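Inspection log for the structure reproduced underneath, given as structure tokens.
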Amino acid sequence: MSVSYSALREADFAPLAAVGEEWRAQAGRLEERESELDDLRRRQIGEAQWTGTVAEEVRSRVKLIGDDTVERAGECRRIAAAIEDAVAVFQDRQEELLEVLASVPAGLSVDADGVATGEAVDVMAFEQRVEAILDAVSEADETLHAAVAAIAGTTDDGERAELAAGVALADDFQDMVARGASPAEVNAWWDGLSPFEQQGLLEARPELLAQVDGMPTDVRDTANRTLLDGELHRRESEIEAVEDRLAADPGNEALQERLEGLRGTQGDLTRLRDTISEPYQVGSGGPALDHYLLGYSSAEDGRAIVAVGNPDTADNVSVLVPGTGADLGNATGSLDRAQLMAGDAYWADPSASTASVMWLGYDAPDEIVPHAMDKGYAEDAAKDLSSFAAGLRAVDEDGESHVTMTGHSYGSTTVGIAARDAGLDVDDMVFVASPGVGVDSASDLGIDPDRVWATRNEEDIIGWACEDTISTIGGGAGGGLLGGPVGGLIGGAVGYFTSDHDDLIHGTDPVSDAFGGRTFQSDATRDADGIEELWKDNVENHSSYWDGDNGHPRNAARDNMAYIVTGQTSGVR
């Protein structure tokens, strides 16, 4: 339905937001109920307490009730998310409308129904802006109606037909993605569907939409959360089944190893779910930013892509690519840094909105030696990172967002090689503590070298990342000239002082004059005493760039990155 000018101007969306909160609270109550049922089935009437045919039937029935409760909780969460997304659009567009009214040119008058009189050019400009605002609100209202009706089962015959039509489009969507459709083409295809067609496909086939670049952020988030909840539930059942088998065969080492693996992955997934379940509060007095799950995988080392704030609507978008050692098990640590970057951007420019993305959409090297010396990890990631950047442009609602791509350590190599091999549609690139970015010059990255930034603090060991240095460090750490960290330190120093400082493992040092980009200051914030501690000090300062709390930025690197992310490069030092 269409939304009128006066209705939007005067609306109070707090009651609708409260309804969303109640749906989310109901999901929590249902989840608590399911936990109680699980405890009843496994511990109070488990096989140790009650055996026989009747006992098995009762436990089976309790499990069915628990599974149904999980499904209902998921429905409540999806309704809550749909309401929250709609409220965000309604409030943003209401604020935009009020800003338009506050800035009407002299001589233009607007009555209570939004009818403008005055110079023709001013009237036309006003009407066009208001029409765009009302169209966005109407679209959000229709999407909300489709989501709630589909989930709650209150659709009419026509709406059910559209839902079914959406499900039938699954093959078309798969074919489009398989033939290499661009994120822009994906986004245009999705926008061409009706809200009920979109909802039908989302409800029936979330796995198709979860990680496709060009899909709106809220759609990917809903799809991925649905998949994550389902995987957690399935893995819980797997764990229970292995526990039962292990109870009957306690000496089975293969089963024990299997159980430990399942529990470990379950813990990783649960930690990810819990971290993104609540908004990120920016300091004292800052905004609360919702998390959006844009992709995840529990296969092998695991992957995760999480946004803090909505990239579709943000004025600024920051993407952080972590490096060596990053995996699903420690993804929340990388997300902590992305959260800090979102907060820092707010303090740098409170008038602008910033979304900060942690992109662990690739298999990062596990160890420095030998894995991080291999550029193959970055080369394998290039196409996916390029597609993700293009997807950010495709979903940008006003087409004006400022996008910054930051790589830390090997993550900078990944960013650089993606720019080199596949192209990155970004405004700025930032290389933090880089071992080289796959090119010898900033001019080889496809953007203005003045928009290429690099930093390294003076006590970061990555400055020794030359091939002969790394080899000497490896030998020293393994016993080397003197043995232990001291041997590594001295051996590494020998390699460093006898090598070309501008020539790192993966290309010209981005902080060197020879590279041709721009540099900014960073602090070495972790200090230690003594020769043994000096090695540790240099290693730990490789990860010190985000040190500090989530209030006002506490170190030079964070201050400078915040200025770059918000487009205030005159403040960079």
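By convention in this document, the chains of the structure tokens carry letters A, B, ... by their order, each chain's residues are numbered from 1, and ligands are numbered from 1 in the order they are shown.
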
(message) Can you pull out the residues contacting Gly309 (chain A)? Cut-off 6 Å, using only C-alpha atoms, and skip same-chain residues under 5 positions away; I want them as a PyMOL selection string.
(response) chain A and resi 289-290+355

Next, write the just-selected residues to a file, as a compact mmCIF listing (two decimals), in the first residue's frame, keeping all heavy atoms as the atom set.
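Once written, selection-v8.txt looks like this:
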# COMPACT_ATOMS: atom_id res chain seq x y z
N LEU A 289 24.69 -0.47 17.02
CA LEU A 289 24.72 -0.93 15.64
C LEU A 289 24.40 -2.42 15.56
O LEU A 289 25.03 -3.24 16.22
CB LEU A 289 26.11 -0.68 15.04
CG LEU A 289 26.59 0.77 15.04
CD1 LEU A 289 28.02 0.85 14.53
CD2 LEU A 289 25.67 1.65 14.20
N ASP A 290 23.40 -2.75 14.76
CA ASP A 290 23.03 -4.16 14.58
C ASP A 290 24.12 -4.90 13.82
O ASP A 290 24.84 -4.35 13.00
CB ASP A 290 21.72 -4.27 13.81
CG ASP A 290 20.53 -3.81 14.62
OD1 ASP A 290 20.55 -3.99 15.85
OD2 ASP A 290 19.58 -3.26 14.03
N ALA A 355 29.13 1.58 8.31
CA ALA A 355 29.04 0.14 8.50
C ALA A 355 30.45 -0.44 8.38
O ALA A 355 31.21 -0.05 7.50
CB ALA A 355 28.12 -0.49 7.47

(message) Residues near Leu262 (chain A), anyone? I mean within 8 Å using only C-alpha atoms, not counting same-chain ones fewer than 3 positions away, as a PyMOL selection string.
(response) chain A and resi 235+238-239+258-259+265-266

(message) Could you tell me how far CA of Ser522 (chain A) sits from CA of Arg456 (chain A), in Å to one decimal place?
(response)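 Between CA of Arg456 (chain A) and CA of Ser522 (chain A) the gap is 6.3 Å.
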
(request) Select from region 223-454 of chain A everything DSSP, run on the backbone, classes as helix (DSSP H, G or I), then give the selection as an MDAnalysis selection string. (result) chainID A and resid 223:248 253:276 328:348 371:373 376:395 410:421 442:445 449:451

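When only C-alpha atoms are used to compute distances to Leu328 (chain A), the closest of the residues A:Gly267, A:Pro279, A:Gly74, A:Gly286 turns out to be A:Gly267.
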
(message) For a test of reading the model, state the distance in Å between CA of Val403 (chain A) and CA of Ser138 (chain A), rounded to one decimal.
(response)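 Value for the CA of Val403 (chain A)-CA of Ser138 (chain A) distance: 28.2 Å.
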
Show me a table, sorted first by chain and then by increasing residue number, of the residues of region 119-170 of chain A having an atom at most 8 Å from region 98-109 of chain A, each with its shortest atom pair and the distance in Å to one decimal, counting only C-alpha atoms and written as a Markdown table.
| residue | atom | partner | partner_atom | distance |
| --- | --- | --- | --- | --- |
| A:Glu119 | CA | A:Leu108 | CA | 6.9 |
| A:Asp122 | CA | A:Leu108 | CA | 7.0 |
| A:Val123 | CA | A:Leu108 | CA | 7.3 |
| A:Phe126 | CA | A:Val100 | CA | 7.8 |
| A:Arg129 | CA | A:Val100 | CA | 8.0 |

(request) Mind giving me the straight-line distance from CA of Leu163 (chain A) to CA of Asp213 (chain A) in Å, one decimal? (result) 23.0 Å

(message) Nearest residue to Ala112 (chain A) out of A:Gly66, A:Ser4, A:Asn538, A:Ala161, using only C-alpha atoms?
(response) A:Ser4

(request) Can you pull out every residue within 8 Å of region 373-389 of chain A, counting only C-alpha atoms, but drop anything in the same chain fewer than 2 positions away, and send it as a count of residues only? (result) 31

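Taking only C-alpha atoms, the non-local environment of Pro206 (chain A) within 9 Å (same-chain residues fewer than 4 positions away omitted) comprises Leu201, Leu202, Ala210, Val219, Arg220, Thr222, Ala223, Asn224, Thr226 and Leu227 of chain A.
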
Can you spit out the residues from that selection as a PDB file, in the first residue's frame, using all heavy atoms?
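The result, stored in result21.pdb:
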ATOM      1  N   LEU A 201      10.866 -17.255  -1.858  1.00  0.00           N
ATOM      2  CA  LEU A 201      12.180 -17.831  -2.135  1.00  0.00           C
ATOM      3  C   LEU A 201      13.055 -17.835  -0.887  1.00  0.00           C
ATOM      4  O   LEU A 201      13.773 -18.811  -0.615  1.00  0.00           O
ATOM      5  CB  LEU A 201      12.859 -17.045  -3.255  1.00  0.00           C
ATOM      6  CG  LEU A 201      14.201 -17.564  -3.775  1.00  0.00           C
ATOM      7  CD1 LEU A 201      14.091 -19.026  -4.198  1.00  0.00           C
ATOM      8  CD2 LEU A 201      14.683 -16.706  -4.930  1.00  0.00           C
ATOM      9  N   LEU A 202      12.984 -16.773  -0.104  1.00  0.00           N
ATOM     10  CA  LEU A 202      13.783 -16.680   1.120  1.00  0.00           C
ATOM     11  C   LEU A 202      13.384 -17.742   2.132  1.00  0.00           C
ATOM     12  O   LEU A 202      14.243 -18.373   2.754  1.00  0.00           O
ATOM     13  CB  LEU A 202      13.633 -15.287   1.726  1.00  0.00           C
ATOM     14  CG  LEU A 202      14.333 -15.023   3.064  1.00  0.00           C
ATOM     15  CD1 LEU A 202      15.828 -15.248   2.943  1.00  0.00           C
ATOM     16  CD2 LEU A 202      14.035 -13.611   3.546  1.00  0.00           C
ATOM     17  N   ALA A 210      22.066 -16.955   0.722  1.00  0.00           N
ATOM     18  CA  ALA A 210      22.823 -16.577   1.915  1.00  0.00           C
ATOM     19  C   ALA A 210      24.135 -15.865   1.624  1.00  0.00           C
ATOM     20  O   ALA A 210      24.521 -14.946   2.358  1.00  0.00           O
ATOM     21  CB  ALA A 210      23.082 -17.818   2.778  1.00  0.00           C
ATOM     22  N   VAL A 219      18.448  -9.470   3.606  1.00  0.00           N
ATOM     23  CA  VAL A 219      18.076 -10.783   3.067  1.00  0.00           C
ATOM     24  C   VAL A 219      19.166 -11.803   3.382  1.00  0.00           C
ATOM     25  O   VAL A 219      18.886 -12.921   3.856  1.00  0.00           O
ATOM     26  CB  VAL A 219      17.835 -10.693   1.547  1.00  0.00           C
ATOM     27  CG1 VAL A 219      17.596 -12.080   0.957  1.00  0.00           C
ATOM     28  CG2 VAL A 219      16.649  -9.782   1.249  1.00  0.00           C
ATOM     29  N   ARG A 220      20.420 -11.441   3.120  1.00  0.00           N
ATOM     30  CA  ARG A 220      21.529 -12.356   3.436  1.00  0.00           C
ATOM     31  C   ARG A 220      21.568 -12.664   4.926  1.00  0.00           C
ATOM     32  O   ARG A 220      21.822 -13.809   5.328  1.00  0.00           O
ATOM     33  CB  ARG A 220      22.856 -11.753   2.981  1.00  0.00           C
ATOM     34  CG  ARG A 220      23.042 -11.749   1.489  1.00  0.00           C
ATOM     35  CD  ARG A 220      24.357 -11.128   1.044  1.00  0.00           C
ATOM     36  NE  ARG A 220      25.532 -11.930   1.387  1.00  0.00           N
ATOM     37  CZ  ARG A 220      26.734 -11.730   0.875  1.00  0.00           C
ATOM     38  NH1 ARG A 220      26.930 -10.751   0.002  1.00  0.00           N
ATOM     39  NH2 ARG A 220      27.752 -12.496   1.218  1.00  0.00           N
ATOM     40  N   THR A 222      19.079 -12.663   7.136  1.00  0.00           N
ATOM     41  CA  THR A 222      17.994 -13.578   7.495  1.00  0.00           C
ATOM     42  C   THR A 222      18.297 -14.995   7.027  1.00  0.00           C
ATOM     43  O   THR A 222      18.113 -15.968   7.776  1.00  0.00           O
ATOM     44  CB  THR A 222      16.669 -13.097   6.867  1.00  0.00           C
ATOM     45  OG1 THR A 222      16.333 -11.806   7.394  1.00  0.00           O
ATOM     46  CG2 THR A 222      15.532 -14.067   7.184  1.00  0.00           C
ATOM     47  N   ALA A 223      18.778 -15.128   5.804  1.00  0.00           N
ATOM     48  CA  ALA A 223      19.086 -16.456   5.257  1.00  0.00           C
ATOM     49  C   ALA A 223      20.186 -17.132   6.057  1.00  0.00           C
ATOM     50  O   ALA A 223      20.078 -18.317   6.419  1.00  0.00           O
ATOM     51  CB  ALA A 223      19.487 -16.334   3.799  1.00  0.00           C
ATOM     52  N   ASN A 224      21.259 -16.404   6.364  1.00  0.00           N
ATOM     53  CA  ASN A 224      22.370 -17.006   7.091  1.00  0.00           C
ATOM     54  C   ASN A 224      22.011 -17.357   8.526  1.00  0.00           C
ATOM     55  O   ASN A 224      22.449 -18.385   9.051  1.00  0.00           O
ATOM     56  CB  ASN A 224      23.582 -16.070   7.054  1.00  0.00           C
ATOM     57  CG  ASN A 224      24.368 -16.184   5.768  1.00  0.00           C
ATOM     58  OD1 ASN A 224      24.976 -17.210   5.484  1.00  0.00           O
ATOM     59  ND2 ASN A 224      24.337 -15.129   4.955  1.00  0.00           N
ATOM     60  N   THR A 226      19.070 -18.198   9.556  1.00  0.00           N
ATOM     61  CA  THR A 226      18.232 -19.393   9.463  1.00  0.00           C
ATOM     62  C   THR A 226      19.093 -20.637   9.299  1.00  0.00           C
ATOM     63  O   THR A 226      18.880 -21.664   9.975  1.00  0.00           O
ATOM     64  CB  THR A 226      17.261 -19.271   8.276  1.00  0.00           C
ATOM     65  OG1 THR A 226      16.400 -18.140   8.469  1.00  0.00           O
ATOM     66  CG2 THR A 226      16.413 -20.525   8.137  1.00  0.00           C
ATOM     67  N   LEU A 227      20.085 -20.551   8.424  1.00  0.00           N
ATOM     68  CA  LEU A 227      20.979 -21.692   8.200  1.00  0.00           C
ATOM     69  C   LEU A 227      21.806 -21.988   9.449  1.00  0.00           C
ATOM     70  O   LEU A 227      22.027 -23.160   9.799  1.00  0.00           O
ATOM     71  CB  LEU A 227      21.891 -21.417   7.020  1.00  0.00           C
ATOM     72  CG  LEU A 227      21.213 -21.236   5.659  1.00  0.00           C
ATOM     73  CD1 LEU A 227      22.238 -20.869   4.600  1.00  0.00           C
ATOM     74  CD2 LEU A 227      20.452 -22.492   5.253  1.00  0.00           C
TER      75      LEU A 227
END

(request) Can you pull out every residue within 10 Å of Thr275 (chain A), counting only C-alpha atoms, but drop anything in the same chain fewer than 5 positions away, and send it as a PyMOL selection string? (result) chain A and resi 269-270+280+291+332+335-336
